[in-house]
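Working notes for the structure below.
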Amino acid sequence: MPLVIPVLFYHGERSPYPYSMNWLDCFENPALAAKIYTKPFPLVDITVVDDNEIMNHRRMAALTLLMKHIRHRDMMELLDKLPQVMVEISDEQVRVLIHYIVNAGDSVSPEFMRALAERLPQHEDKLMTIAERLEQKGRQEGALEKALAIACQLQKMGMTPEQIKQATGLSEAELKKIIH
């Protein structure tokens, strides 16, 4: 981790700055603060905690399971456990977890969202909408990849960038990524 250098920019009414410049003095109990902030921090390494133990974390279980497995290639392995713990949390928390799955997950698939929707009928509408968006995004990415591949071929055939843009519908920025 890079070194973080604290700087206090002061523009208060009293001048010059009248307080201690040792940040630990700002705490109600500076001695305790020094003990806490100058020693190694406590670590909860969720990557080594057994999933069955996580399942006992009640309201935190869903988030903890997701955080542990969010980078796994196949989220489908969570389908048996995740719905069991998601029934423990509020609709708002489910919404936040779904947002987390979609934005932090490396490989969330429409199939996963559909399977989750089947197991959580009370959230089916939200999950199916997200599954449809993921499919649409996949189609768009596929179409872009195809257009870029065609553009490469057209460039090799000697077409001008303007002709390639016209033939593929690619934007100027997209075309610049592939033209040398």
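In the structure tokens, chains take letters A, B, ... by order of appearance, with residues numbered from 1 within each chain and ligands from 1 in the order shown.
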
Practice task
For Ile70 of chain A, list every protein, DNA or RNA residue within 8 Å, evaluated using only C-alpha atoms, and leave out those in the same chain fewer than 2 positions away; present the list as a ChimeraX atom specification.
Solution key: /A:66-68,72,75,101,104-106

So that I have them on file, write out the residues from the current selection with C-alpha atoms, as a compact mmCIF listing (two decimals), in the first residue's frame.
# COMPACT_ATOMS: atom_id res chain seq x y z
CA LEU A 66 -21.19 -13.05 -1.96
CA MET A 67 -18.02 -11.27 -0.91
CA LYS A 68 -16.24 -14.61 -0.56
CA HIS A 72 -15.34 -17.07 -8.80
CA MET A 75 -21.49 -18.25 -9.27
CA ILE A 101 -23.48 -9.04 -7.77
CA ALA A 104 -18.56 -6.45 -8.62
CA GLY A 105 -18.95 -9.91 -10.09
CA ASP A 106 -16.49 -10.99 -12.76

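Remark: for Arg95 of chain A, the closest of the candidate residues A:Ala117, A:Pro83, A:Glu53, A:Leu127 is A:Leu127 (distances computed over only C-alpha atoms).
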
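Within 10 Å of segment 10-23 of chain A, once only C-alpha atoms are used and residues closer than 6 positions along the same chain are dropped, the contacting residues are A:Pro30, A:Ala33, A:Ala34.
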
Kindly export the residues of the current selection with C-alpha atoms, as a short mmCIF file (atom, residue, chain, number, x, y, z; two decimals), in the first residue's frame.
data_model
loop_
_atom_site.label_atom_id
_atom_site.label_comp_id
_atom_site.auth_asym_id
_atom_site.auth_seq_id
_atom_site.Cartn_x
_atom_site.Cartn_y
_atom_site.Cartn_z
CA PRO A 30 -5.48 9.07 23.15
CA ALA A 33 -6.24 5.19 20.22
CA ALA A 34 -2.45 4.82 20.13
#

Can you build me a table of segment 25-112 of chain A residues sitting at most 12 Å from segment 137-160 of chain A, with the closest atom pair per residue and its distance in Å to one decimal, using only C-alpha atoms, sorted by chain and residue number, as CSV?
residue,atom,partner,partner_atom,distance
A:Val102,CA,A:Lys137,CA,11.9
A:Ser107,CA,A:Gly138,CA,11.6
A:Val108,CA,A:Gly138,CA,11.3
A:Ser109,CA,A:Gly138,CA,9.4
A:Pro110,CA,A:Gly138,CA,9.3

Write a file of the just-selected residues containing C-alpha atoms, as a PDB file, in the first residue's frame.
ATOM      1  CA  VAL A 102     -23.913  -7.231 -11.079  1.00  0.00           C
ATOM      2  CA  SER A 107     -18.804 -13.433 -14.424  1.00  0.00           C
ATOM      3  CA  VAL A 108     -22.412 -12.972 -13.385  1.00  0.00           C
ATOM      4  CA  SER A 109     -24.598 -14.514 -16.060  1.00  0.00           C
ATOM      5  CA  PRO A 110     -28.240 -14.163 -17.060  1.00  0.00           C
TER       6      PRO A 110
END

Practice task
Just give me the gap between atom CA of Val48 of chain A and atom CA of Ile98 of chain A in Å, one decimal is fine.
Solution key: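 Calculated distance between atom CA of Val48 of chain A and atom CA of Ile98 of chain A is 23.7 Å.
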
Exercise for the section: Have a look at atom CA of Leu97 of chain A and atom CA of Leu63 of chain A and let me know their distance in Å, one decimal. Expected result: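 Separating atom CA of Leu97 of chain A from atom CA of Leu63 of chain A is a distance of 6.8 Å.
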
Practice task
Step one, run DSSP on the backbone; step two, keep only residues of chain A assigned to alpha helix (DSSP H); then write them as a ChimeraX atom specification.
Solution key: /A:30-37,51-54,61-69,82-86,91-104,110-119,124-156,161-168,172-178

Exercise for the section: Work out how far atom CA of Thr64 of chain A is from atom CA of Val44 of chain A, in Å to one decimal. Expected result: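 These two atoms are separated by 11.0 Å.
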
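Neighbouring residues of Arg58 of chain A at 7 Å or closer, counting only C-alpha atoms and skipping chain neighbours under 3 positions away, are Met55, Ala61, Val85 and Glu88 of chain A.
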